[in-house]
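*Asks:* A single structure is presented below for examination.
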Amino acid sequence: MTEHYFARKPAAPHRTIELRAEIRGREFRFYSDRGVFSATRIDAGTRLLAEVMEVGPSGRVLDLGCGYGVLGIVAAALAPQGMAVLIDRNARAAQLAHDNLALNGISNAYVVLGDGADAVVDGAFDLVLTNPPVHAGNAAVFAFIEGAHRALRPGGRLLFVGRKSRGALSFARHAQGAFGNAVEVERKSGYRIYRAQRQEGSADY
């Protein structure tokens with residue numbers, strides 16, 4: 001059975017490469033390796049979310065399931081007076097994300113090795129970003145959505161990637177149930193970006 005990127009400790013032999021991408025008018029560099037999500041190229045859904053996300057200059061951002069750190073690093077660059085926390089359960093991905101912060105000169109972010117939003121303080125973030133682990137199954141994606149709700153302050157937003165052929169509509173429905181709202185804000189080449197906002201006075205899902 002092929003090892004998936006959401007394994008805690010990938011067994012695949014290392015083969016580190018460097019990826020480069022221009023995002024939001026800036027060139028970013030990312031080390032990648034076997035055993036992590038989209039190891040040989042930046043995923044199109046991740047890139048679409050990075051291009052459309054709105055991040056305030058002092059925003060507190062959580063990159064949930066960060067992989068080698070694309071979303072969190074771009075968000076930190078857009079929030080020079082804010083901060084970003086990058087989380088992944090895959091130890092190899094978390095180490096790459098840590099290395100990529102330094103590679104891109106990002107000092108207002110750090111990486112946590114952990115399983116979803118349980119590793120962070122509830123209500124601490126203005127924005128949660130995620131391209132969820134669809135190959136781990138619907139339950140894993142639903143847990144990401146529910147964890148994002150807990151991690152956000154009232155009024156905070158979740159932005160997440162869905163793919164039409166891989167359950168995007170069911171994920172949007174789950175976000176609607178958790179947040180009381182979910183809207184599609186962008187779509188391209190089968191990928192969709194959804195936004196959900198934590199409502200004032202809403203209880204944890």
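How things are named: the first chain in the structure tokens is A, the next is B, and so on; residues count from 1 in each chain; ligands count from 1 in the order shown.
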Would you mind listing what lies within 7 Å of segment 183-195 of chain A as a tab-separated table (two decimals) with C-alpha atoms, in the first residue's frame, with only C-alpha atoms counted and same-chain residues fewer than 4 positions away left out?
*Replies:*
chain	number	residue	atom	x	y	z
A	45	GLY	CA	-5.58	24.19	-5.00
A	49	LEU	CA	-6.01	29.71	-2.06
A	157	ARG	CA	-12.72	33.17	9.01
A	158	LEU	CA	-11.90	29.74	7.64
A	159	LEU	CA	-10.74	29.45	4.02
A	160	PHE	CA	-10.41	25.95	2.65
A	161	VAL	CA	-9.79	24.15	-0.62
A	162	GLY	CA	-12.24	21.69	-2.10
A	163	ARG	CA	-12.12	19.75	-5.33
A	164	LYS	CA	-15.29	19.05	-7.24
*Asks:* Mind listing the strand (DSSP E or B) residues of segment 18-162 of chain A, per DSSP on the backbone, as a PyMOL selection string?
*Replies:* chain A and resi 18-23+26-32+60-64+83-88+109-113+125-130+152-162
*Asks:* Please, could you write that set of residues out with N, CA and C atoms as a compact mmCIF listing (two decimals), in the first residue's frame?
*Replies:*
# COMPACT_ATOMS: atom_id res chain seq x y z
N GLU A 18 14.13 21.61 -4.39
CA GLU A 18 13.70 22.98 -4.13
C GLU A 18 12.72 23.43 -5.20
N LEU A 19 11.58 23.95 -4.76
CA LEU A 19 10.56 24.48 -5.65
C LEU A 19 10.56 26.00 -5.54
N ARG A 20 10.27 26.66 -6.64
CA ARG A 20 10.17 28.11 -6.66
C ARG A 20 8.83 28.52 -7.25
N ALA A 21 8.25 29.58 -6.73
CA ALA A 21 6.97 30.04 -7.24
C ALA A 21 6.81 31.53 -6.97
N GLU A 22 6.25 32.23 -7.93
CA GLU A 22 5.88 33.63 -7.71
C GLU A 22 4.43 33.66 -7.26
N ILE A 23 4.19 34.15 -6.07
CA ILE A 23 2.85 34.23 -5.48
C ILE A 23 2.67 35.62 -4.90
N ARG A 26 5.63 38.05 -5.26
CA ARG A 26 6.91 37.78 -4.61
C ARG A 26 7.35 36.36 -4.93
N GLU A 27 8.64 36.17 -5.13
CA GLU A 27 9.15 34.82 -5.35
C GLU A 27 9.39 34.13 -4.01
N PHE A 28 8.85 32.93 -3.89
CA PHE A 28 9.06 32.10 -2.71
C PHE A 28 9.81 30.84 -3.12
N ARG A 29 10.56 30.29 -2.17
CA ARG A 29 11.31 29.06 -2.36
C ARG A 29 10.89 28.06 -1.29
N PHE A 30 10.78 26.81 -1.68
CA PHE A 30 10.32 25.78 -0.75
C PHE A 30 11.13 24.50 -0.95
N TYR A 31 11.72 24.01 0.12
CA TYR A 31 12.26 22.67 0.09
C TYR A 31 11.11 21.68 0.20
N SER A 32 11.18 20.61 -0.56
CA SER A 32 10.19 19.54 -0.49
C SER A 32 10.92 18.20 -0.47
N ARG A 60 -3.62 37.14 12.78
CA ARG A 60 -3.12 35.92 13.43
C ARG A 60 -3.68 34.75 12.63
N VAL A 61 -2.79 33.98 12.00
CA VAL A 61 -3.18 33.00 10.99
C VAL A 61 -2.73 31.61 11.42
N LEU A 62 -3.60 30.63 11.19
CA LEU A 62 -3.28 29.23 11.40
C LEU A 62 -3.32 28.50 10.07
N ASP A 63 -2.19 27.86 9.71
CA ASP A 63 -2.13 27.00 8.53
C ASP A 63 -2.28 25.57 9.03
N LEU A 64 -3.45 25.01 8.80
CA LEU A 64 -3.84 23.72 9.38
C LEU A 64 -3.55 22.60 8.37
N MET A 83 1.19 37.24 12.90
CA MET A 83 1.95 36.02 13.08
C MET A 83 1.18 34.86 12.46
N ALA A 84 1.93 33.79 12.17
CA ALA A 84 1.33 32.58 11.62
C ALA A 84 1.85 31.37 12.38
N VAL A 85 0.95 30.42 12.61
CA VAL A 85 1.31 29.13 13.18
C VAL A 85 1.02 28.07 12.13
N LEU A 86 2.00 27.22 11.87
CA LEU A 86 1.88 26.16 10.88
C LEU A 86 1.88 24.82 11.59
N ILE A 87 0.90 23.98 11.32
CA ILE A 87 0.75 22.70 12.00
C ILE A 87 0.66 21.56 10.99
N ASP A 88 1.37 20.48 11.29
CA ASP A 88 1.19 19.26 10.51
C ASP A 88 1.54 18.06 11.40
N ALA A 109 6.57 33.62 12.30
CA ALA A 109 5.82 32.37 12.19
C ALA A 109 6.62 31.26 12.85
N TYR A 110 5.91 30.20 13.26
CA TYR A 110 6.59 29.02 13.78
C TYR A 110 5.77 27.79 13.45
N VAL A 111 6.39 26.63 13.59
CA VAL A 111 5.79 25.36 13.20
C VAL A 111 5.53 24.51 14.44
N VAL A 112 4.39 23.84 14.45
CA VAL A 112 4.02 22.91 15.52
C VAL A 112 3.81 21.53 14.90
N LEU A 113 4.41 20.52 15.49
CA LEU A 113 4.14 19.14 15.09
C LEU A 113 2.95 18.68 15.91
N PHE A 125 -7.21 32.76 16.72
CA PHE A 125 -6.85 33.13 15.36
C PHE A 125 -7.93 33.94 14.65
N ASP A 126 -7.45 34.81 13.76
CA ASP A 126 -8.34 35.59 12.90
C ASP A 126 -8.67 34.83 11.63
N LEU A 127 -7.77 33.95 11.21
CA LEU A 127 -7.91 33.28 9.92
C LEU A 127 -7.30 31.88 10.02
N VAL A 128 -8.04 30.89 9.55
CA VAL A 128 -7.51 29.54 9.40
C VAL A 128 -7.51 29.20 7.92
N LEU A 129 -6.39 28.68 7.45
CA LEU A 129 -6.22 28.27 6.07
C LEU A 129 -5.97 26.77 6.02
N THR A 130 -6.62 26.07 5.10
CA THR A 130 -6.32 24.66 4.97
C THR A 130 -6.67 24.12 3.59
N LEU A 152 -10.79 29.63 15.87
CA LEU A 152 -11.07 31.00 15.45
C LEU A 152 -11.71 31.82 16.57
N ARG A 153 -11.36 33.09 16.61
CA ARG A 153 -12.08 34.03 17.46
C ARG A 153 -13.43 34.31 16.81
N PRO A 154 -14.42 34.83 17.56
CA PRO A 154 -15.67 35.25 16.94
C PRO A 154 -15.40 36.27 15.83
N GLY A 155 -15.98 36.04 14.69
CA GLY A 155 -15.74 36.89 13.53
C GLY A 155 -14.59 36.41 12.66
N GLY A 156 -13.79 35.45 13.15
CA GLY A 156 -12.68 34.91 12.38
C GLY A 156 -13.17 34.04 11.23
N ARG A 157 -12.31 33.83 10.24
CA ARG A 157 -12.72 33.17 9.01
C ARG A 157 -11.89 31.91 8.75
N LEU A 158 -12.54 30.92 8.18
CA LEU A 158 -11.90 29.74 7.64
C LEU A 158 -11.94 29.83 6.12
N LEU A 159 -10.80 29.60 5.47
CA LEU A 159 -10.74 29.45 4.02
C LEU A 159 -10.17 28.07 3.74
N PHE A 160 -10.88 27.29 2.92
CA PHE A 160 -10.41 25.95 2.65
C PHE A 160 -10.61 25.57 1.18
N VAL A 161 -9.77 24.64 0.75
CA VAL A 161 -9.79 24.15 -0.62
C VAL A 161 -10.69 22.94 -0.72
N GLY A 162 -11.49 22.89 -1.76
CA GLY A 162 -12.24 21.69 -2.10
C GLY A 162 -12.03 21.38 -3.58
*Asks:* Excluding segment 67-69 of chain A and any residue of its chain fewer than 6 positions from it, enumerate the residues within 6 Å of it, using only C-alpha atoms, and give them as a list in words.
*Replies:*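 Close residues of segment 67-69 of chain A: Ala93, Leu96 and Ala97 of chain A.
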*Asks:* DSSP on the backbone, helix (DSSP H, G or I) only: what residues of segment 7-199 of chain A does that give? Format it as a PyMOL selection string.
*Replies:* chain A and resi 44-52+70-78+91-103+116-119+134-136+138-151+164-166+168-179
*Asks:* Would you please work out which residue, of A:Cys66, A:Arg150, A:Arg92, A:Ile73, is nearest to His14 of chain A when using only C-alpha atoms?
*Replies:*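 Using only C-alpha atoms, the shortest distance to His14 of chain A belongs to A:Arg92.
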*Asks:* At a cut-off of 8 Å, using only C-alpha atoms, what residues contact Ala172 of chain A? Leave out same-chain residues fewer than 3 positions from it and give the result as a list in words.
*Replies:* Ala168, Leu169, Ala175, Gln176, Ala182, Val183 and Tyr194 of chain A
*Asks:* Residues as selected, N, CA and C atoms, written as a PDB file, in the first residue's frame, can you do that?
*Replies:*
ATOM      1  N   ALA A 168     -16.007  18.178  -2.563  1.00  0.00           N
ATOM      2  CA  ALA A 168     -16.059  19.592  -2.184  1.00  0.00           C
ATOM      3  C   ALA A 168     -17.423  19.998  -1.637  1.00  0.00           C
ATOM      4  N   LEU A 169     -18.486  19.525  -2.254  1.00  0.00           N
ATOM      5  CA  LEU A 169     -19.816  19.949  -1.822  1.00  0.00           C
ATOM      6  C   LEU A 169     -20.159  19.388  -0.440  1.00  0.00           C
ATOM      7  N   ALA A 175     -19.198  22.493   6.638  1.00  0.00           N
ATOM      8  CA  ALA A 175     -18.837  23.827   7.128  1.00  0.00           C
ATOM      9  C   ALA A 175     -20.094  24.648   7.413  1.00  0.00           C
ATOM     10  N   GLN A 176     -21.102  24.497   6.572  1.00  0.00           N
ATOM     11  CA  GLN A 176     -22.372  25.194   6.804  1.00  0.00           C
ATOM     12  C   GLN A 176     -22.967  24.763   8.141  1.00  0.00           C
ATOM     13  N   ALA A 182     -21.386  29.132   4.816  1.00  0.00           N
ATOM     14  CA  ALA A 182     -20.257  28.711   3.982  1.00  0.00           C
ATOM     15  C   ALA A 182     -20.552  29.167   2.567  1.00  0.00           C
ATOM     16  N   VAL A 183     -19.616  29.884   1.965  1.00  0.00           N
ATOM     17  CA  VAL A 183     -19.823  30.389   0.616  1.00  0.00           C
ATOM     18  C   VAL A 183     -18.597  30.070  -0.233  1.00  0.00           C
ATOM     19  N   TYR A 194     -13.652  27.869  -0.409  1.00  0.00           N
ATOM     20  CA  TYR A 194     -14.815  28.205   0.405  1.00  0.00           C
ATOM     21  C   TYR A 194     -14.396  29.041   1.604  1.00  0.00           C
TER      22      TYR A 194
END
*Asks:* Enter the distance from atom CA of Ala102 of chain A to atom CA of Pro133 of chain A, in Å, rounded to one decimal.
*Replies:* 25.4 Å
*Asks:* Tell me, as a list in words, which residues lie within 8 Å of Ile145 of chain A, counting only C-alpha atoms; anything in the same chain fewer than 2 positions away does not count.
*Replies:*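 After dropping sequence-adjacent residues, the list is Val141, Phe142, Ala143, Gly147, Ala148, His149, His174, Ala175 and Ala178 of chain A.
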